[in-house]
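Below is upload-v4.csv, holding CSV, C-alpha atoms and all ligand atoms.
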chain,number,residue,atom,x,y,z
N,22,MET,CA,-3.2,6.1,-19.5
N,23,THR,CA,-6.3,7.8,-21.0
N,24,ASP,CA,-6.2,11.5,-22.0
N,25,THR,CA,-8.5,12.3,-19.1
N,26,VAL,CA,-6.3,10.5,-16.6
N,27,GLN,CA,-3.2,12.2,-18.0
N,28,LEU,CA,-4.8,15.6,-17.7
N,29,THR,CA,-6.0,15.0,-14.2
N,30,ALA,CA,-2.5,14.0,-13.1
N,31,GLU,CA,-0.9,17.0,-14.8
N,32,ARG,CA,-3.4,19.3,-13.2
N,33,ALA,CA,-2.8,17.8,-9.7
N,34,GLU,CA,1.0,18.3,-10.3
N,35,ALA,CA,0.5,21.9,-11.4
N,36,ALA,CA,-1.4,22.8,-8.2
N,37,ALA,CA,0.7,20.9,-5.8
N,38,GLU,CA,2.0,22.8,-2.7
N,39,VAL,CA,4.3,19.8,-1.9
N,40,SER,CA,5.5,17.2,-4.4
N,41,VAL,CA,7.4,14.2,-3.2
N,42,ARG,CA,9.1,12.0,-5.8
N,43,ASP,CA,10.9,8.7,-5.5
N,44,LEU,CA,11.6,9.3,-1.8
N,45,THR,CA,13.6,6.6,0.0
N,46,VAL,CA,14.6,7.0,3.6
N,47,LEU,CA,17.0,4.6,5.4
N,48,TYR,CA,17.6,3.9,9.1
N,49,ARG,CA,20.6,2.1,10.5
N,50,THR,CA,19.8,-1.3,12.1
N,51,ASP,CA,21.7,-4.4,13.3
N,52,GLN,CA,21.3,-5.6,9.7
N,53,GLY,CA,22.7,-2.5,8.1
N,54,GLU,CA,20.8,0.4,6.6
N,55,LEU,CA,17.2,-0.5,5.7
N,56,PRO,CA,14.4,1.5,4.1
N,57,ALA,CA,11.6,2.8,6.2
N,58,VAL,CA,10.2,4.6,3.1
N,59,SER,CA,10.7,3.2,-0.4
N,60,ASN,CA,10.3,5.1,-3.6
N,61,ALA,CA,7.3,7.1,-2.3
N,62,GLY,CA,5.6,9.7,-4.4
N,63,ILE,CA,2.8,11.9,-3.3
N,64,ASP,CA,1.4,15.4,-4.0
N,65,LEU,CA,-0.3,17.6,-1.4
N,66,PRO,CA,-2.5,19.8,-3.6
N,67,SER,CA,-2.8,23.4,-2.5
N,68,GLY,CA,-5.6,24.1,-0.1
N,69,THR,CA,-6.4,20.4,0.6
N,70,ILE,CA,-6.3,18.2,3.7
N,71,THR,CA,-4.5,14.9,2.9
N,72,GLY,CA,-4.8,12.0,5.4
N,73,LEU,CA,-1.8,9.6,5.5
N,74,VAL,CA,-2.9,6.4,7.1
N,75,GLY,CA,-1.5,3.0,7.9
N,76,GLU,CA,-0.7,0.8,10.9
N,77,SER,CA,2.1,1.5,13.3
N,78,GLY,CA,5.5,1.2,11.6
N,79,SER,CA,4.2,1.7,8.0
N,80,GLY,CA,6.5,4.7,7.6
N,81,LYS,CA,4.0,7.6,8.0
N,82,SER,CA,6.0,9.6,10.5
N,83,THR,CA,9.2,9.0,8.5
N,84,LEU,CA,7.6,10.4,5.3
N,85,ALA,CA,6.1,13.3,7.2
N,86,LEU,CA,9.5,14.2,8.9
N,87,SER,CA,11.1,14.0,5.5
N,88,LEU,CA,9.0,16.9,4.3
N,89,MET,CA,11.0,19.0,6.9
N,90,ASN,CA,14.2,17.2,6.0
N,91,ALA,CA,14.2,16.3,9.7
N,92,ILE,CA,15.1,12.6,9.7
N,93,PRO,CA,17.2,12.0,12.8
N,94,THR,CA,20.8,10.8,12.2
N,95,PRO,CA,22.0,8.2,11.5
N,96,GLY,CA,18.8,7.9,9.5
N,97,ARG,CA,18.9,9.7,6.1
N,98,ILE,CA,17.1,10.5,2.9
N,99,SER,CA,19.0,8.4,0.4
N,100,SER,CA,17.2,9.5,-2.7
N,101,GLY,CA,14.3,11.4,-4.1
N,102,SER,CA,13.1,15.0,-4.1
N,103,ILE,CA,10.6,17.0,-2.1
N,104,GLN,CA,9.5,20.2,-3.9
N,105,VAL,CA,7.8,22.8,-1.7
N,106,ASN,CA,6.1,25.7,-3.5
N,107,GLY,CA,8.2,28.9,-3.2
N,108,VAL,CA,11.0,27.0,-1.5
N,109,GLY,CA,12.4,24.4,-3.9
N,110,ASP,CA,13.7,21.0,-3.1
N,111,VAL,CA,13.8,20.6,0.7
N,112,THR,CA,16.2,17.6,0.6
N,113,LYS,CA,18.9,20.0,-0.8
N,114,LEU,CA,18.6,22.5,2.1
N,115,GLU,CA,20.8,22.5,5.2
N,116,GLY,CA,21.8,24.7,8.1
N,117,ARG,CA,20.3,28.2,8.3
N,118,ALA,CA,18.2,27.8,5.1
N,119,LEU,CA,16.7,24.6,6.3
N,120,ARG,CA,15.9,26.1,9.8
N,121,ARG,CA,14.2,29.0,8.0
N,122,VAL,CA,11.9,26.8,6.0
N,123,ARG,CA,10.9,24.9,9.2
N,124,GLY,CA,8.4,27.2,10.7
N,125,ARG,CA,8.2,29.8,8.0
N,126,ALA,CA,7.1,27.5,5.2
N,127,LEU,CA,6.3,24.2,7.0
N,128,GLY,CA,4.7,23.9,10.4
N,129,TYR,CA,5.0,20.5,12.2
N,130,VAL,CA,3.0,19.4,15.2
N,131,PHE,CA,4.7,16.4,16.6
N,132,GLN,CA,3.2,13.1,17.7
N,133,ALA,CA,2.2,13.4,21.4
N,134,SER,CA,2.6,17.1,21.1
N,135,GLN,CA,0.3,17.3,24.1
N,136,ASN,CA,3.5,16.5,26.1
N,137,SER,CA,6.1,18.3,24.0
N,138,LEU,CA,5.8,21.8,25.6
N,139,ASN,CA,8.5,22.7,28.1
N,140,PRO,CA,6.9,22.3,31.6
N,141,LEU,CA,9.2,24.9,33.1
N,142,LYS,CA,8.3,27.8,30.8
N,143,THR,CA,5.0,29.5,30.0
N,144,VAL,CA,3.7,29.2,26.5
N,145,GLY,CA,4.5,32.9,26.0
N,146,LYS,CA,8.2,32.3,27.0
N,147,GLN,CA,8.4,29.4,24.5
N,148,LEU,CA,6.9,31.7,21.8
N,149,MET,CA,9.7,34.2,22.5
N,150,ASP,CA,12.3,31.4,22.2
N,151,LEU,CA,10.8,30.4,18.9
N,152,GLY,CA,10.9,34.0,17.7
N,153,ARG,CA,14.5,34.4,18.7
N,154,ALA,CA,15.5,31.1,17.0
N,155,HIS,CA,14.0,32.5,13.8
N,156,ASP,CA,15.5,36.0,14.1
N,157,VAL,CA,12.0,37.6,14.4
N,158,GLN,CA,12.5,41.4,14.8
N,159,ASP,CA,8.8,42.2,15.5
N,160,MET,CA,8.2,40.3,18.7
N,161,ARG,CA,5.0,42.2,19.4
N,162,GLY,CA,3.7,41.2,16.0
N,163,LEU,CA,4.6,37.6,16.9
N,164,VAL,CA,2.6,37.8,20.1
N,165,ARG,CA,-0.3,39.4,18.3
N,166,ARG,CA,-0.3,36.7,15.7
N,167,ALA,CA,-0.2,34.0,18.4
N,168,LYS,CA,-3.2,35.5,20.2
N,169,GLU,CA,-5.1,35.8,16.9
N,170,LEU,CA,-4.5,32.1,16.1
N,171,ALA,CA,-5.4,31.0,19.6
N,172,ASP,CA,-8.6,33.0,19.4
N,173,GLU,CA,-9.3,31.5,16.1
N,174,MET,CA,-9.0,28.1,17.8
N,175,GLY,CA,-11.5,29.0,20.5
N,176,MET,CA,-9.0,29.8,23.2
N,177,ASP,CA,-8.3,32.9,25.3
N,178,GLY,CA,-5.0,33.9,23.6
N,179,ALA,CA,-3.7,36.1,26.5
N,180,ARG,CA,-4.5,33.5,29.1
N,181,VAL,CA,-2.9,30.7,27.0
N,182,LEU,CA,0.4,32.7,26.7
N,183,ASP,CA,0.5,33.1,30.4
N,184,SER,CA,-0.1,29.4,31.1
N,185,TYR,CA,2.3,26.5,31.9
N,186,GLN,CA,1.7,23.2,30.2
N,187,HIS,CA,0.2,21.6,33.3
N,188,GLU,CA,-2.5,24.3,33.4
N,189,LEU,CA,-3.8,23.3,29.9
N,190,SER,CA,-5.9,20.2,29.0
N,191,GLY,CA,-4.7,17.7,26.4
N,192,GLY,CA,-6.9,19.2,23.7
N,193,MET,CA,-5.6,22.7,24.6
N,194,ARG,CA,-2.0,21.6,24.4
N,195,GLN,CA,-2.6,20.1,21.0
N,196,ARG,CA,-4.1,23.5,19.9
N,197,VAL,CA,-1.1,25.3,21.3
N,198,GLY,CA,1.1,23.0,19.3
N,199,ILE,CA,-0.8,24.2,16.2
N,200,VAL,CA,-0.5,27.8,17.2
N,201,LEU,CA,3.3,27.4,17.5
N,202,ALA,CA,3.5,25.6,14.2
N,203,LEU,CA,1.6,28.4,12.4
N,204,VAL,CA,2.7,31.5,14.2
N,205,LEU,CA,5.6,32.2,11.7
N,206,ASN,CA,3.0,32.0,8.9
N,207,ALA,CA,3.7,28.5,7.5
N,208,ARG,CA,1.5,27.6,4.6
N,209,VAL,CA,1.9,23.9,5.0
N,210,LEU,CA,0.7,22.3,8.3
N,211,ILE,CA,1.8,18.7,9.2
N,212,LEU,CA,0.0,17.0,12.1
N,213,ASP,CA,1.4,13.7,13.3
N,214,GLU,CA,-1.4,11.7,15.1
N,215,PRO,CA,-3.2,14.9,16.3
N,216,THR,CA,-5.9,13.0,18.2
N,217,THR,CA,-4.0,10.0,19.7
N,218,ALA,CA,-4.2,10.0,23.5
N,219,LEU,CA,-7.3,12.4,23.5
N,220,ASP,CA,-10.7,11.3,24.7
N,221,MET,CA,-13.5,11.1,22.0
N,222,LEU,CA,-14.9,14.6,22.8
N,223,SER,CA,-11.5,16.3,22.7
N,224,GLN,CA,-10.7,14.4,19.5
N,225,ALA,CA,-13.8,15.7,17.8
N,226,ALA,CA,-13.0,19.3,19.0
N,227,VAL,CA,-9.4,19.1,17.7
N,228,LEU,CA,-10.6,17.9,14.3
N,229,ASP,CA,-13.1,20.7,14.1
N,230,ILE,CA,-10.4,23.2,14.9
N,231,VAL,CA,-8.0,21.7,12.4
N,232,ARG,CA,-10.7,22.0,9.7
N,233,LYS,CA,-11.5,25.6,10.7
N,234,VAL,CA,-7.9,26.9,10.9
N,235,HIS,CA,-7.0,25.0,7.6
N,236,ARG,CA,-9.8,26.9,5.9
N,237,GLN,CA,-9.3,30.3,7.5
N,238,GLU,CA,-5.6,30.3,7.0
N,239,GLY,CA,-5.7,28.8,3.5
N,240,LEU,CA,-3.4,26.0,4.4
N,241,THR,CA,-2.2,22.8,2.8
N,242,THR,CA,-2.5,20.2,5.5
N,243,LEU,CA,-1.1,16.7,6.0
N,244,VAL,CA,-2.7,14.6,8.8
N,245,VAL,CA,-0.7,11.5,9.8
N,246,THR,CA,-2.9,9.0,11.6
N,247,HIS,CA,-3.4,5.2,12.1
N,248,ASP,CA,-7.2,5.9,12.5
N,249,MET,CA,-9.3,5.7,9.3
N,250,GLY,CA,-12.1,7.3,11.3
N,251,VAL,CA,-10.1,10.5,11.6
N,252,VAL,CA,-9.4,10.5,7.9
N,253,SER,CA,-13.1,9.9,7.1
N,254,GLU,CA,-14.0,13.0,9.1
N,255,ILE,CA,-11.4,15.4,8.0
N,256,ALA,CA,-9.5,14.6,4.8
N,257,ASP,CA,-10.1,15.7,1.2
N,258,ARG,CA,-7.5,13.2,0.0
N,259,LEU,CA,-6.2,10.0,1.3
N,260,ALA,CA,-2.9,8.1,1.0
N,261,VAL,CA,-2.5,4.6,2.5
N,262,MET,CA,1.0,3.3,3.5
N,263,TYR,CA,2.2,-0.2,4.2
N,264,GLY,CA,5.7,-1.5,4.6
N,265,GLY,CA,7.2,1.9,3.6
N,266,ARG,CA,5.2,2.1,0.4
N,267,ILE,CA,2.2,4.2,-0.6
N,268,VAL,CA,-0.1,1.4,-1.8
N,269,GLU,CA,-3.2,3.5,-2.7
N,270,ASP,CA,-4.2,7.2,-3.0
N,271,GLY,CA,-7.0,9.4,-4.3
N,272,PRO,CA,-9.9,11.6,-3.2
N,273,ALA,CA,-10.8,10.5,0.4
N,274,MET,CA,-14.5,9.9,-0.1
N,275,ASP,CA,-13.9,8.0,-3.3
N,276,VAL,CA,-11.2,5.8,-1.7
N,277,LEU,CA,-13.3,5.2,1.4
N,278,GLN,CA,-16.4,4.2,-0.7
N,279,ARG,CA,-14.5,2.2,-3.4
N,280,PRO,CA,-11.2,1.1,-1.9
N,281,ALA,CA,-9.1,-0.6,-4.6
N,282,HIS,CA,-6.3,-2.1,-2.6
N,283,PRO,CA,-6.9,-5.1,-0.3
N,284,TYR,CA,-5.0,-3.4,2.5
N,285,THR,CA,-7.2,-0.2,2.3
N,286,ARG,CA,-10.3,-2.5,2.3
N,287,ALA,CA,-9.1,-4.3,5.4
N,288,LEU,CA,-8.3,-1.1,7.2
N,289,ILE,CA,-11.8,0.3,6.5
N,290,GLY,CA,-13.4,-3.0,7.4
N,291,ALA,CA,-11.6,-2.8,10.8
N,292,THR,CA,-13.0,0.7,11.6
N,293,ALA,CA,-16.3,0.6,13.4
N,294,ARG,CA,-16.8,4.3,12.9
N,295,ILE,CA,-16.9,3.7,9.1
N,296,THR,CA,-18.7,0.4,8.9
N,297,GLY,CA,-21.1,1.7,11.5
N,298,ASP,CA,-21.2,-1.6,13.3
N,299,THR,CA,-18.9,-2.8,16.0
N,300,GLU,CA,-20.1,-6.4,15.3
N,301,THR,CA,-18.9,-6.4,11.7
N,302,ALA,CA,-15.7,-4.3,12.2
N,303,ARG,CA,-13.0,-7.0,12.0
N,304,ALA,CA,-9.5,-6.5,13.3
N,305,LEU,CA,-6.9,-7.0,10.6
N,306,PRO,CA,-5.3,-10.4,11.0
N,307,GLY,CA,-1.5,-10.7,11.4
N,308,ARG,CA,1.0,-8.0,12.2
N,309,PRO,CA,2.5,-5.2,10.0
N,310,PRO,CA,6.2,-5.7,9.1
N,311,ASP,CA,9.0,-3.6,10.5
N,312,LEU,CA,12.2,-2.6,8.7
N,313,THR,CA,13.8,-6.0,9.2
N,314,THR,CA,10.8,-8.2,8.3
N,315,VAL,CA,9.4,-6.3,5.4
N,316,PRO,CA,9.6,-8.5,2.2
N,317,ARG,CA,12.5,-7.4,0.0
N,318,VAL,CA,11.0,-9.0,-3.1
N,319,GLY,CA,7.5,-8.9,-4.4
N,320,CYS,CA,4.5,-7.2,-2.8
N,321,VAL,CA,5.1,-6.0,0.8
N,322,PHE,CA,1.4,-6.9,1.7
N,323,ARG,CA,1.3,-10.4,0.2
N,324,GLU,CA,1.7,-12.3,3.5
N,325,ARG,CA,-1.6,-10.8,4.8
N,326,CYS,CA,-3.4,-10.4,1.5
N,327,PRO,CA,-6.5,-12.5,0.8
N,328,LEU,CA,-5.9,-12.0,-3.0
N,329,ALA,CA,-2.2,-13.0,-3.1
N,330,MET,CA,-1.1,-14.7,-6.3
N,331,ASP,CA,2.2,-16.2,-7.5
N,332,VAL,CA,3.3,-13.0,-9.2
N,333,CYS,CA,3.0,-11.1,-5.8
N,334,ALA,CA,5.9,-13.2,-4.4
N,335,GLU,CA,8.1,-12.3,-7.4
N,336,THR,CA,7.3,-8.7,-8.6
N,337,GLU,CA,6.6,-5.6,-6.6
N,338,PRO,CA,3.5,-3.9,-7.9
N,339,GLN,CA,4.0,-0.3,-8.9
N,340,LEU,CA,1.7,2.5,-7.8
N,341,LEU,CA,-0.2,3.1,-11.0
N,342,THR,CA,-3.2,5.2,-12.1
N,343,TRP,CA,-6.2,2.9,-12.7
N,344,ALA,CA,-9.0,5.4,-12.8
N,345,PRO,CA,-9.0,9.3,-12.9
N,346,ASP,CA,-7.2,10.6,-9.9
N,347,ARG,CA,-6.9,7.1,-8.4
N,348,ARG,CA,-3.7,5.1,-7.9
N,349,ARG,CA,-3.0,1.7,-6.4
N,350,ALA,CA,-0.1,-0.8,-6.2
N,351,CYS,CA,-1.6,-4.2,-6.6
N,352,HIS,CA,-1.4,-7.1,-9.2
N,353,ALA,CA,-5.1,-8.1,-8.7
N,354,GLU,CA,-7.7,-6.7,-11.0
N,355,PRO,CA,-9.2,-3.5,-9.5
N,356,THR,CA,-12.7,-4.1,-8.1
N,357,THR,CA,-15.0,-1.4,-7.2
N,358,THR,CA,-16.8,-3.3,-4.4
N,359,ALA,CA,-17.9,-1.0,-1.6
N,360,ALA,CA,-16.0,-1.6,1.6
N,361,THR,CA,-17.8,-3.6,4.3
N,362,GLY,CA,-16.8,-5.3,7.4
N,363,GLU,CA,-16.2,-8.5,5.4
N,364,GLY,CA,-12.4,-7.8,5.1
N,365,ALA,CA,-10.9,-7.7,1.6
B,1,LIG,N1,15.3,6.4,14.3
B,1,LIG,C1,15.0,5.2,13.9
B,1,LIG,N2,15.9,4.2,13.8
B,1,LIG,C2,15.6,3.0,13.3
B,1,LIG,N3,14.4,2.6,12.9
B,1,LIG,C3,13.4,3.5,12.9
B,1,LIG,C4,13.7,4.8,13.4
B,1,LIG,N4,12.5,5.5,13.4
B,1,LIG,C5,11.6,4.6,12.9
B,1,LIG,N5,12.1,3.4,12.6
B,1,LIG,C6,11.5,2.3,12.0
B,1,LIG,O1,11.0,2.7,10.7
B,1,LIG,C7,9.7,2.1,10.4
B,1,LIG,C8,8.7,3.2,10.1
B,1,LIG,O2,8.5,4.0,11.3
B,1,LIG,P1,7.5,5.2,11.4
B,1,LIG,O3,7.6,5.8,12.8
B,1,LIG,O4,7.8,6.1,10.2
B,1,LIG,O5,6.1,4.5,11.2
B,1,LIG,P2,4.7,5.1,11.5
B,1,LIG,O6,3.8,4.5,10.4
B,1,LIG,O7,4.7,6.5,11.7
B,1,LIG,O8,4.3,4.3,12.8
B,1,LIG,P3,4.0,5.0,14.3
B,1,LIG,O9,2.6,5.5,14.1
B,1,LIG,O10,4.1,3.8,15.2
B,1,LIG,O11,5.0,6.1,14.5
B,1,LIG,C9,9.4,1.2,11.7
B,1,LIG,O12,9.8,-0.1,11.4
B,1,LIG,C10,10.2,1.8,12.7
B,1,LIG,O13,10.6,0.8,13.7
Give the structure from the file, written as structure tokens.
Ligand SMILES: Nc1ncnc2c1ncn2[C@@H]1O[C@H](COP(=O)(O)OP(=O)(O)OP(=O)(O)O)[C@@H](O)[C@H]1O
Amino acid sequence: MTDTVQLTAERAEAAAEVSVRDLTVLYRTDQGELPAVSNAGIDLPSGTITGLVGESGSGKSTLALSLMNAIPTPGRISSGSIQVNGVGDVTKLEGRALRRVRGRALGYVFQASQNSLNPLKTVGKQLMDLGRAHDVQDMRGLVRRAKELADEMGMDGARVLDSYQHELSGGMRQRVGIVLALVLNARVLILDEPTTALDMLSQAAVLDIVRKVHRQEGLTTLVVTHDMGVVSEIADRLAVMYGGRIVEDGPAMDVLQRPAHPYTRALIGATARITGDTETARALPGRPPDLTTVPRVGCVFRERCPLAMDVCAETEPQLLTWAPDRRRACHAEPTTTAATGEGA
């Protein structure tokens, strides 16, 4: 590691709002407990938007849920730490202390949150439930804050609080999800697939709003998505997951322009919004592994990798810094070829 690289890494660590180290998460399967996330390490630097991308099943939601220590049993975090600024290691928290952190420090908007509101209660009633669950004394203040956030997101706050789920469009429900995630003044916002199931116009509107609220509230934001196009539009930083591993990360624009892992290159090549050409955008051949099929030895991507070598079957590549603020887990020499629709 050069001095510059070392310095950049130390600076990133110093300014991290969230630091994940050596995180392994297991789920119970017919074949015993198997890892959905393996030895993952990632920093969310203060004030940045990080995009976490990968195909379905790569472990993105599992990593994101871990930040709230919210892995459903019998799944469990088996090792690692998750330091959140001002909170400490979330993996050590339980009970009341953990509930407090969820909402007050970390706000989570669930996948398909468009459908996660209670259909039988107005948004305002659900806000009261949230306040009570968190022992909020100043309910008026809570309502004021919710209206303020709703207004910030281009909605009529008073009207939204009086509405039932079915009276709101998909994009509005997604925004209400963000209001509820932030109303207790969380500093970290985690959005799981915020644009899935929305039409293109609503997608663009939601991304605009995420950007705006992120800036105005001074948040640190993690956006989980399978869509490289979303990342290219919104993220400052980018982390790519495959088979439960982070295989590449760095500044988003830099990674998109100079992907250094063959999986990242293939994901970009398959995204017409980035290649700019539906003709050259090529679907990634093969299928991503699940918990039971992910290779236990060697590189998890080798079976789909155009650069696979003998060593890839034997030794798992580590996520290492290869250029300032850039990491990749690959045995092949790093190339700086710009991504095209030509695959890896
Ligand atoms: N509760 C669970 N029990 C057992 N296996 C699970 C559980 N939740 C997820 N998995 C498995 O863990 C792996 C990672 O799933 P995860 O949902 O984190 O991936 P993802 O990248 O977020 O994909 P998606 O976008 O489809 O949610 C998958 O193989 C999935 O089948």
Counting all atoms listed in the file, what are the residues, protein, DNA or RNA alike, that approach ligand LIG 1 (chain B) to within 6 Å? I want them as a PDB file with C-alpha atoms, in the frame of the given file.
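Output contents, as saved in selection_22.pdb:
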ATOM      1  CA  TYR N  48      17.600   3.900   9.100  1.00  0.00           C
ATOM      2  CA  ARG N  49      20.600   2.100  10.500  1.00  0.00           C
ATOM      3  CA  ALA N  57      11.600   2.800   6.200  1.00  0.00           C
ATOM      4  CA  GLU N  76      -0.700   0.800  10.900  1.00  0.00           C
ATOM      5  CA  SER N  77       2.100   1.500  13.300  1.00  0.00           C
ATOM      6  CA  GLY N  78       5.500   1.200  11.600  1.00  0.00           C
ATOM      7  CA  SER N  79       4.200   1.700   8.000  1.00  0.00           C
ATOM      8  CA  GLY N  80       6.500   4.700   7.600  1.00  0.00           C
ATOM      9  CA  LYS N  81       4.000   7.600   8.000  1.00  0.00           C
ATOM     10  CA  SER N  82       6.000   9.600  10.500  1.00  0.00           C
ATOM     11  CA  THR N  83       9.200   9.000   8.500  1.00  0.00           C
ATOM     12  CA  ASP N 311       9.000  -3.600  10.500  1.00  0.00           C
ATOM     13  CA  LEU N 312      12.200  -2.600   8.700  1.00  0.00           C
TER      14      LEU N 312
END
Nearest to Leu210 of chain N by atom-to-atom distance, counting all atoms listed in the file, from N:Thr313, N:Gln104, N:Ser223, N:Thr241 = N:Thr241
Could you jot down the atom CA of Thr342 of chain N to atom CA of Ala281 of chain N separation for me, Å, one decimal place?
->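 Going from atom CA of Thr342 of chain N over to atom CA of Ala281 of chain N covers 11.2 Å.
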So which residues fall inside 10 Å of (-7.2, 25.4, 6.2) if we count all atoms listed in the file? Mind giving them as a VMD selection string?
-> chain N and resid 67 to 70 208 to 210 230 to 242
Mind giving me the straight-line distance from atom CA of Leu201 of chain N to atom CA of Arg123 of chain N in Å, one decimal?
-> 11.5 Å
Atom CA of Val268 of chain N to atom CA of Thr71 of chain N measures 15.0 Å
Please identify all polymer residues lying at most 12 Å from the point (13.5, 19.8, 5.0) (file coordinates), using all atoms listed in the file, and present the result as a count of residues only.
-> 40
Skip Leu212 of chain N itself and residues of its chain fewer than 2 positions away, then list as a list in words all residues within 7 Å of it, counting all atoms listed in the file.
->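 Here the answer would be Tyr129, Val130, Phe131, Leu210, Glu214, Pro215, Leu243, Val244 and Val245 of chain N.
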Residue selection dump (C-alpha atoms) as a PDB file, in the coordinates of the input:
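Listing of part_11.pdb after writing:
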ATOM      1  CA  TYR N 129       5.000  20.500  12.200  1.00  0.00           C
ATOM      2  CA  VAL N 130       3.000  19.400  15.200  1.00  0.00           C
ATOM      3  CA  PHE N 131       4.700  16.400  16.600  1.00  0.00           C
ATOM      4  CA  LEU N 210       0.700  22.300   8.300  1.00  0.00           C
ATOM      5  CA  GLU N 214      -1.400  11.700  15.100  1.00  0.00           C
ATOM      6  CA  PRO N 215      -3.200  14.900  16.300  1.00  0.00           C
ATOM      7  CA  LEU N 243      -1.100  16.700   6.000  1.00  0.00           C
ATOM      8  CA  VAL N 244      -2.700  14.600   8.800  1.00  0.00           C
ATOM      9  CA  VAL N 245      -0.700  11.500   9.800  1.00  0.00           C
TER      10      VAL N 245
END
Using all atoms listed in the file, which residue out of N:Ser40, N:Gln186, N:Gln132, N:Ser59 lies closest to Gly264 of chain N?
->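 Ranking N:Ser40, N:Gln186, N:Gln132, N:Ser59 by distance to Gly264 of chain N, first place goes to N:Ser59.
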Find the residue from N:Arg308, N:His352, N:His247, N:His282 that sits nearest to Gly75 of chain N; use all atoms listed in the file when measuring.
->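 Checking each candidate against Gly75 of chain N, we get N:His247 as the closest.
You can rank N:Val74, N:Ala287, N:Leu305, N:Ala218 by their closest distance to Ala256 of chain N using all atoms listed in the file, and at the top of that list sits N:Val74.
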Could the residues of segment 121-150 of chain N that have an atom at most 9 Å from segment 164-176 of chain N be listed as a Markdown table, each with its closest atom pair and the distance in Å to one decimal, counting only C-alpha atoms and ordered by chain and ascending residue number?
| residue | atom | partner | partner_atom | distance |
| --- | --- | --- | --- | --- |
| N:Gly145 | CA | N:Val164 | CA | 7.9 |
| N:Leu148 | CA | N:Val164 | CA | 7.7 |
| N:Met149 | CA | N:Val164 | CA | 8.3 |
Closest to His155 of chain N among N:Val276, N:Val204, N:Leu182, N:Met193, using all atoms listed in the file?
->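 Going through N:Val276, N:Val204, N:Leu182, N:Met193 one by one, the smallest distance to His155 of chain N is for N:Val204.
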Which of these, N:Cys333, N:Leu288, N:Val261, N:Met274, has the shortest distance to Leu73 of chain N once you count all atoms listed in the file?
->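 Looking at the shortest contact to Leu73 of chain N, the residue is N:Val261.
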